[in-house]
file query-v3.cif (mmCIF, C-alpha atoms, pLDDT in the B column; chains and numbers go by the auth columns)
data_input
#
loop_
_atom_site.group_PDB
_atom_site.id
_atom_site.type_symbol
_atom_site.label_atom_id
_atom_site.label_comp_id
_atom_site.label_asym_id
_atom_site.label_seq_id
_atom_site.Cartn_x
_atom_site.Cartn_y
_atom_site.Cartn_z
_atom_site.B_iso_or_equiv
_atom_site.auth_seq_id
_atom_site.auth_asym_id
ATOM 1 C CA MET A 1 278.107 95.890 171.418 49.00 1389 A
ATOM 2 C CA GLY A 2 275.874 94.239 168.882 58.00 1390 A
ATOM 3 C CA THR A 3 274.043 97.363 167.836 72.00 1391 A
ATOM 4 C CA PRO A 4 275.483 97.775 164.291 73.00 1392 A
ATOM 5 C CA LYS A 5 274.772 94.115 163.516 75.00 1393 A
ATOM 6 C CA MET A 6 271.246 94.497 164.850 70.00 1394 A
ATOM 7 C CA ARG A 7 270.633 97.505 162.599 74.00 1395 A
ATOM 8 C CA VAL A 8 271.861 95.652 159.518 68.00 1396 A
ATOM 9 C CA LEU A 9 269.610 92.716 160.338 67.00 1397 A
ATOM 10 C CA LEU A 10 266.629 95.018 160.881 67.00 1398 A
ATOM 11 C CA ILE A 11 267.236 96.873 157.589 73.00 1399 A
ATOM 12 C CA VAL A 12 267.632 93.607 155.642 68.00 1400 A
ATOM 13 C CA GLY A 13 264.486 92.190 157.287 66.00 1401 A
ATOM 14 C CA PHE A 14 262.488 95.339 156.580 62.00 1402 A
ATOM 15 C CA ALA A 15 263.633 95.408 152.915 63.00 1403 A
ATOM 16 C CA SER A 16 262.672 91.724 152.552 65.00 1404 A
ATOM 17 C CA LEU A 17 259.190 92.392 153.910 60.00 1405 A
ATOM 18 C CA LEU A 18 258.790 95.402 151.654 57.00 1406 A
ATOM 19 C CA LEU A 19 259.789 93.457 148.538 59.00 1407 A
ATOM 20 C CA ALA A 20 257.622 90.475 149.498 59.00 1408 A
ATOM 21 C CA GLY A 21 254.633 92.781 149.921 59.00 1409 A
ATOM 22 C CA CYS A 22 255.095 94.211 146.408 55.00 1410 A
ATOM 23 C CA ALA A 23 255.152 90.822 144.675 54.00 1411 A
ATOM 24 C CA SER A 24 251.936 89.877 142.898 53.00 1412 A
ATOM 25 C CA ASN A 25 250.431 86.434 143.149 56.00 1413 A
ATOM 26 C CA GLU A 26 248.216 86.894 140.081 53.00 1414 A
ATOM 27 C CA PRO A 27 249.165 84.702 137.133 52.00 1415 A
ATOM 28 C CA GLU A 28 250.425 86.423 134.019 55.00 1416 A
ATOM 29 C CA ASP A 29 247.815 86.825 131.261 51.00 1417 A
ATOM 30 C CA THR A 30 248.965 84.230 128.746 51.00 1418 A
ATOM 31 C CA ASN A 31 246.159 84.782 126.228 48.00 1419 A
ATOM 32 C CA PRO A 32 245.249 88.459 125.833 47.00 1420 A
ATOM 33 C CA ASP A 33 242.758 87.617 123.050 47.00 1421 A
ATOM 34 C CA ILE A 34 240.320 86.120 125.555 42.00 1422 A
ATOM 35 C CA VAL A 35 237.802 88.537 127.019 45.00 1423 A
ATOM 36 C CA SER A 36 235.662 87.263 129.846 44.00 1424 A
ATOM 37 C CA ASP A 37 232.208 88.425 130.771 47.00 1425 A
ATOM 38 C CA VAL A 38 232.271 87.215 134.348 47.00 1426 A
ATOM 39 C CA ASP A 39 229.103 87.412 136.453 50.00 1427 A
ATOM 40 C CA GLY A 40 230.751 86.381 139.689 50.00 1428 A
ATOM 41 C CA PRO A 41 233.986 85.040 141.097 54.00 1429 A
ATOM 42 C CA GLY A 42 235.197 82.038 139.160 53.00 1430 A
ATOM 43 C CA ASP A 43 232.310 82.113 136.634 51.00 1431 A
ATOM 44 C CA MET A 44 233.937 81.724 133.199 50.00 1432 A
ATOM 45 C CA THR A 45 230.938 80.216 131.417 50.00 1433 A
ATOM 46 C CA GLN A 46 230.460 83.326 129.313 50.00 1434 A
ATOM 47 C CA ALA A 47 234.066 83.777 128.181 47.00 1435 A
ATOM 48 C CA LYS A 48 234.238 85.043 124.609 53.00 1436 A
ATOM 49 C CA GLU A 49 237.156 85.340 122.221 60.00 1437 A
ATOM 50 C CA LYS A 50 237.847 88.574 120.405 67.00 1438 A
ATOM 51 C CA ILE A 51 237.667 87.797 116.727 71.00 1439 A
ATOM 52 C CA ALA A 52 239.547 90.006 114.324 72.00 1440 A
ATOM 53 C CA PRO A 53 237.312 91.444 111.629 76.00 1441 A
ATOM 54 C CA PRO A 54 237.575 89.501 108.367 84.00 1442 A
ATOM 55 C CA LYS A 55 239.990 90.898 105.822 89.00 1443 A
ATOM 56 C CA PRO A 56 239.943 90.868 102.033 92.00 1444 A
ATOM 57 C CA MET A 57 241.670 87.860 100.489 91.00 1445 A
ATOM 58 C CA VAL A 58 242.911 86.787 97.087 93.00 1446 A
ATOM 59 C CA LYS A 59 241.226 83.767 95.544 91.00 1447 A
ATOM 60 C CA GLY A 60 242.794 82.743 92.263 90.00 1448 A
ATOM 61 C CA GLU A 61 243.720 86.104 90.789 91.00 1449 A
ATOM 62 C CA ARG A 62 240.618 87.924 92.089 92.00 1450 A
ATOM 63 C CA LEU A 63 239.932 89.822 95.297 94.00 1451 A
ATOM 64 C CA VAL A 64 237.228 88.667 97.708 93.00 1452 A
ATOM 65 C CA VAL A 65 236.062 91.254 100.258 92.00 1453 A
ATOM 66 C CA PRO A 66 233.877 90.752 103.341 89.00 1454 A
ATOM 67 C CA THR A 67 230.473 92.428 103.356 88.00 1455 A
ATOM 68 C CA GLY A 68 227.974 92.707 106.176 75.00 1456 A
ATOM 69 C CA SER A 69 228.881 92.404 109.829 70.00 1457 A
ATOM 70 C CA GLY A 70 228.516 90.119 112.811 66.00 1458 A
ATOM 71 C CA GLY A 71 226.472 87.007 112.074 70.00 1459 A
ATOM 72 C CA ASP A 72 225.440 88.340 108.656 77.00 1460 A
ATOM 73 C CA MET A 73 228.969 88.079 107.231 81.00 1461 A
ATOM 74 C CA SER A 74 229.157 87.345 103.525 89.00 1462 A
ATOM 75 C CA TYR A 75 231.790 87.794 100.851 90.00 1463 A
ATOM 76 C CA GLU A 76 231.847 89.452 97.453 93.00 1464 A
ATOM 77 C CA MET A 77 234.267 88.699 94.625 94.00 1465 A
ATOM 78 C CA LEU A 78 235.181 92.023 93.046 96.00 1466 A
ATOM 79 C CA GLN A 79 234.878 92.563 89.345 94.00 1467 A
ATOM 80 C CA GLY A 80 238.331 92.721 87.843 95.00 1468 A
ATOM 81 C CA VAL A 81 237.534 93.900 84.312 97.00 1469 A
ATOM 82 C CA PHE A 82 236.944 97.513 83.277 98.00 1470 A
ATOM 83 C CA TYR A 83 235.848 98.427 79.766 97.00 1471 A
ATOM 84 C CA PHE A 84 236.726 101.415 77.570 98.00 1472 A
ATOM 85 C CA ASP A 85 235.196 103.159 74.598 97.00 1473 A
ATOM 86 C CA PHE A 86 236.732 102.896 71.129 96.00 1474 A
ATOM 87 C CA ASP A 87 240.149 104.573 70.935 96.00 1475 A
ATOM 88 C CA GLN A 88 239.777 105.934 74.512 97.00 1476 A
ATOM 89 C CA ALA A 89 241.744 105.566 77.729 98.00 1477 A
ATOM 90 C CA ILE A 90 239.278 107.326 80.037 97.00 1478 A
ATOM 91 C CA VAL A 91 237.949 105.377 83.024 96.00 1479 A
ATOM 92 C CA LYS A 92 234.174 105.159 82.704 96.00 1480 A
ATOM 93 C CA ARG A 93 232.095 106.492 85.592 96.00 1481 A
ATOM 94 C CA ALA A 94 230.268 103.144 85.708 95.00 1482 A
ATOM 95 C CA GLY A 95 233.472 101.507 86.989 96.00 1483 A
ATOM 96 C CA HIS A 96 234.229 103.992 89.779 97.00 1484 A
ATOM 97 C CA THR A 97 232.261 102.175 92.505 97.00 1485 A
ATOM 98 C CA GLU A 98 234.058 98.891 91.850 97.00 1486 A
ATOM 99 C CA LEU A 99 237.449 100.598 91.532 98.00 1487 A
ATOM 100 C CA ASN A 100 236.851 102.304 94.884 97.00 1488 A
ATOM 101 C CA LYS A 101 236.385 98.871 96.499 96.00 1489 A
ATOM 102 C CA HIS A 102 239.696 97.736 95.023 97.00 1490 A
ATOM 103 C CA ALA A 103 241.350 100.956 96.203 97.00 1491 A
ATOM 104 C CA ARG A 104 240.083 100.558 99.791 96.00 1492 A
ATOM 105 C CA ALA A 105 241.371 96.983 99.979 96.00 1493 A
ATOM 106 C CA LEU A 106 244.741 97.849 98.440 97.00 1494 A
ATOM 107 C CA ALA A 107 245.244 100.913 100.643 97.00 1495 A
ATOM 108 C CA ALA A 108 244.306 98.937 103.771 94.00 1496 A
ATOM 109 C CA ASP A 109 246.761 96.099 103.080 95.00 1497 A
ATOM 110 C CA ARG A 110 250.033 97.159 101.482 95.00 1498 A
ATOM 111 C CA MET A 111 250.970 93.490 100.988 95.00 1499 A
ATOM 112 C CA PHE A 112 248.505 93.146 98.076 97.00 1500 A
ATOM 113 C CA ARG A 113 250.118 93.456 94.648 97.00 1501 A
ATOM 114 C CA VAL A 114 248.237 93.793 91.370 98.00 1502 A
ATOM 115 C CA ARG A 115 249.019 93.704 87.705 98.00 1503 A
ATOM 116 C CA LEU A 116 246.947 96.018 85.513 98.00 1504 A
ATOM 117 C CA GLU A 117 246.673 94.363 82.110 98.00 1505 A
ATOM 118 C CA GLY A 118 245.666 96.703 79.283 98.00 1506 A
ATOM 119 C CA HIS A 119 243.965 95.368 76.138 98.00 1507 A
ATOM 120 C CA ALA A 120 242.679 96.736 72.831 97.00 1508 A
ATOM 121 C CA ASP A 121 240.530 95.422 70.003 96.00 1509 A
ATOM 122 C CA GLU A 122 242.052 94.316 66.691 95.00 1510 A
ATOM 123 C CA ARG A 123 241.578 97.610 64.867 95.00 1511 A
ATOM 124 C CA GLY A 124 244.758 99.662 64.527 95.00 1512 A
ATOM 125 C CA THR A 125 248.379 98.615 64.178 97.00 1513 A
ATOM 126 C CA ARG A 126 250.021 96.286 66.640 97.00 1514 A
ATOM 127 C CA GLU A 127 252.195 99.111 68.011 98.00 1515 A
ATOM 128 C CA TYR A 128 249.257 101.486 68.353 98.00 1516 A
ATOM 129 C CA ASN A 129 247.193 98.880 70.220 98.00 1517 A
ATOM 130 C CA LEU A 130 250.067 98.107 72.603 98.00 1518 A
ATOM 131 C CA ALA A 131 250.363 101.825 73.398 98.00 1519 A
ATOM 132 C CA LEU A 132 246.568 102.144 73.798 98.00 1520 A
ATOM 133 C CA GLY A 133 246.454 99.154 76.162 98.00 1521 A
ATOM 134 C CA GLU A 134 249.222 100.752 78.221 98.00 1522 A
ATOM 135 C CA ARG A 135 247.402 104.113 78.360 98.00 1523 A
ATOM 136 C CA ARG A 136 244.269 102.329 79.558 98.00 1524 A
ATOM 137 C CA ALA A 137 246.137 100.429 82.271 98.00 1525 A
ATOM 138 C CA ASN A 138 247.855 103.672 83.340 98.00 1526 A
ATOM 139 C CA ALA A 139 244.442 105.384 83.565 98.00 1527 A
ATOM 140 C CA ILE A 140 243.287 102.704 86.039 98.00 1528 A
ATOM 141 C CA ARG A 141 246.616 103.021 87.881 98.00 1529 A
ATOM 142 C CA ALA A 142 246.223 106.810 88.177 98.00 1530 A
ATOM 143 C CA TYR A 143 242.677 106.385 89.510 98.00 1531 A
ATOM 144 C CA LEU A 144 243.802 103.886 92.173 98.00 1532 A
ATOM 145 C CA VAL A 145 246.769 106.049 93.222 98.00 1533 A
ATOM 146 C CA ALA A 146 244.432 109.051 93.543 98.00 1534 A
ATOM 147 C CA GLN A 147 242.343 106.926 95.929 98.00 1535 A
ATOM 148 C CA GLY A 148 245.344 106.283 98.209 97.00 1536 A
ATOM 149 C CA VAL A 149 246.904 103.117 96.764 98.00 1537 A
ATOM 150 C CA SER A 150 250.704 103.007 96.802 98.00 1538 A
ATOM 151 C CA SER A 151 252.163 102.998 93.302 97.00 1539 A
ATOM 152 C CA SER A 152 254.604 100.293 94.439 98.00 1540 A
ATOM 153 C CA GLN A 153 251.644 97.878 94.652 98.00 1541 A
ATOM 154 C CA LEU A 154 250.757 98.346 90.988 98.00 1542 A
ATOM 155 C CA GLU A 155 252.366 96.923 87.866 98.00 1543 A
ATOM 156 C CA VAL A 156 251.233 97.974 84.382 98.00 1544 A
ATOM 157 C CA ILE A 157 251.467 95.761 81.316 98.00 1545 A
ATOM 158 C CA SER A 158 249.878 95.993 77.884 98.00 1546 A
ATOM 159 C CA TYR A 159 248.891 93.083 75.681 98.00 1547 A
ATOM 160 C CA GLY A 160 247.352 95.278 73.011 97.00 1548 A
ATOM 161 C CA GLU A 161 245.257 93.079 70.723 96.00 1549 A
ATOM 162 C CA GLU A 162 247.195 89.876 71.565 96.00 1550 A
ATOM 163 C CA LYS A 163 244.776 88.379 74.152 96.00 1551 A
ATOM 164 C CA PRO A 164 241.213 88.970 72.988 95.00 1552 A
ATOM 165 C CA ILE A 165 238.303 87.660 75.061 93.00 1553 A
ATOM 166 C CA SER A 166 236.143 87.449 71.979 86.00 1554 A
ATOM 167 C CA GLY A 167 237.391 86.571 68.507 84.00 1555 A
ATOM 168 C CA GLY A 168 234.582 88.058 66.416 85.00 1556 A
ATOM 169 C CA HIS A 169 234.779 91.007 64.061 89.00 1557 A
ATOM 170 C CA SER A 170 231.845 93.161 65.184 92.00 1558 A
ATOM 171 C CA GLU A 171 231.356 96.089 67.548 92.00 1559 A
ATOM 172 C CA SER A 172 229.883 93.837 70.253 90.00 1560 A
ATOM 173 C CA THR A 173 232.963 91.583 70.283 93.00 1561 A
ATOM 174 C CA TRP A 174 235.410 94.467 69.948 96.00 1562 A
ATOM 175 C CA SER A 175 233.824 96.210 72.963 96.00 1563 A
ATOM 176 C CA GLN A 176 234.634 93.147 75.104 96.00 1564 A
ATOM 177 C CA ASN A 177 238.291 93.326 74.085 97.00 1565 A
ATOM 178 C CA ARG A 178 238.752 97.030 74.995 97.00 1566 A
ATOM 179 C CA ARG A 179 239.502 96.481 78.679 98.00 1567 A
ATOM 180 C CA VAL A 180 241.853 96.531 81.646 98.00 1568 A
ATOM 181 C CA GLU A 181 241.983 93.507 83.911 98.00 1569 A
ATOM 182 C CA ILE A 182 243.081 93.754 87.534 98.00 1570 A
ATOM 183 C CA VAL A 183 245.023 90.607 88.406 98.00 1571 A
ATOM 184 C CA TYR A 184 246.038 90.011 92.029 97.00 1572 A
ATOM 185 C CA ARG A 185 249.364 88.262 92.609 91.00 1573 A
#
call {"tool": "encode", "arguments": {"input": "query-v3.cif", "output": "structure tokens"}}
result
Amino acid sequence: MGTPKMRVLLIVGFASLLLAGCASNEPEDTNPDIVSDVDGPGDMTQAKEKIAPPKPMVKGERLVVPTGSGGDMSYEMLQGVFYFDFDQAIVKRAGHTELNKHARALAADRMFRVRLEGHADERGTREYNLALGERRANAIRAYLVAQGVSSSQLEVISYGEEKPISGGHSESTWSQNRRVEIVYR
């Protein structure tokens, strides 16, 4: 008589109960960055936000990196000038520590781009000084690449003797002009 209809109704009713029992009444987590330290039910007085660790940033054309941790956070502006001996394109050991800081920041954030500007003092021909400035900038580039920096982040340019820091004609002023500057863009 009504047995097949009764079975269909029972199956539909059972499926409805099964699906209703699987539904969750918990609200969806709309802010996953909030971590709560809850002592008891409903106690949100100690809710804390996860804060991403500070990242290096470019200020002007220089790189500023975070130092310290937690409440003792401070920032350091990295030195961007590296000096060379007369007629040399060898990176001095004294600059390695600072270059390593640049390398860590550049390798950690592939969005950073830098221009390595090579310079020379006024001694030598214009062409020779342009080539020397380029060799110096390439020496810094090779050091950074060896530390894990992508070569696509680095641009090399030489100004030779065209942009001196100091205009004197003595060894002390010439030594200031034999340099590579790291300029963040």
call {"tool": "resolve_selection", "arguments": {"input": "query-v3.cif", "expression": "the PyMOL selection byres ((chain A and resi 1493) around 12)", "output": "PyMOL selection string"}}
result
chain A and resi 1442-1446+1451-1454+1466+1486-1492+1494-1502+1532+1535-1538+1541+1572
call {"tool": "resolve_selection", "arguments": {"input": "query-v3.cif", "expression": "the PyMOL selection byres ((chain A and resi 1523) around 12)", "output": "PyMOL selection string"}}
result
chain A and resi 1472+1475-1479+1504-1508+1516-1522+1524-1530+1544-1548+1566-1568
call {"tool": "atom_distance", "arguments": {"input": "query-v3.cif", "atom1": "atom CA of A:Arg1503", "atom2": "atom CA of A:Thr1561"}}
result
23.8 Å
call {"tool": "atom_distance", "arguments": {"input": "query-v3.cif", "atom1": "atom CA of A:Gln1564", "atom2": "atom CA of A:Lys1447"}}
result
23.4 Å
call {"tool": "closest_residue", "arguments": {"input": "query-v3.cif", "among": "A:Lys1480, A:Ser1554, A:Thr1391, A:Arg1573", "to": "A:Leu1542", "atoms": "only C-alpha atoms"}}
result
A:Arg1573
call {"tool": "residues_near_point", "arguments": {"input": "query-v3.cif", "point": "(238.1, 98.6, 66.0)", "cutoff": "10 Å", "atoms": "all atoms listed in the file", "output": "list in words"}}
result
Phe1474, Asp1475, Ala1508, Asp1509, Glu1510, Arg1511, Gly1512, His1557, Ser1558, Glu1559, Thr1561, Trp1562, Ser1563, Asn1565 and Arg1566 of chain A
call {"tool": "atom_distance", "arguments": {"input": "query-v3.cif", "atom1": "atom CA of A:Ile1570", "atom2": "atom CA of A:Gly1468"}}
result
4.9 Å
call {"tool": "axis_aligned_box", "arguments": {"input": "query-v3.cif", "around": "stretch 1565-1572 of chain A", "padding_each_side": "5 Å", "output": "lines of an AutoDock Vina configuration file"}}
result
center_x = 242.2
center_y = 93.5
center_z = 83.1
size_x = 17.7
size_y = 17.0
size_z = 27.9
call {"tool": "closest_residue", "arguments": {"input": "query-v3.cif", "among": "A:Gln1467, A:Ser1560, A:Glu1543, A:Pro1441", "to": "A:Thr1455", "atoms": "only C-alpha atoms"}}
result
A:Pro1441
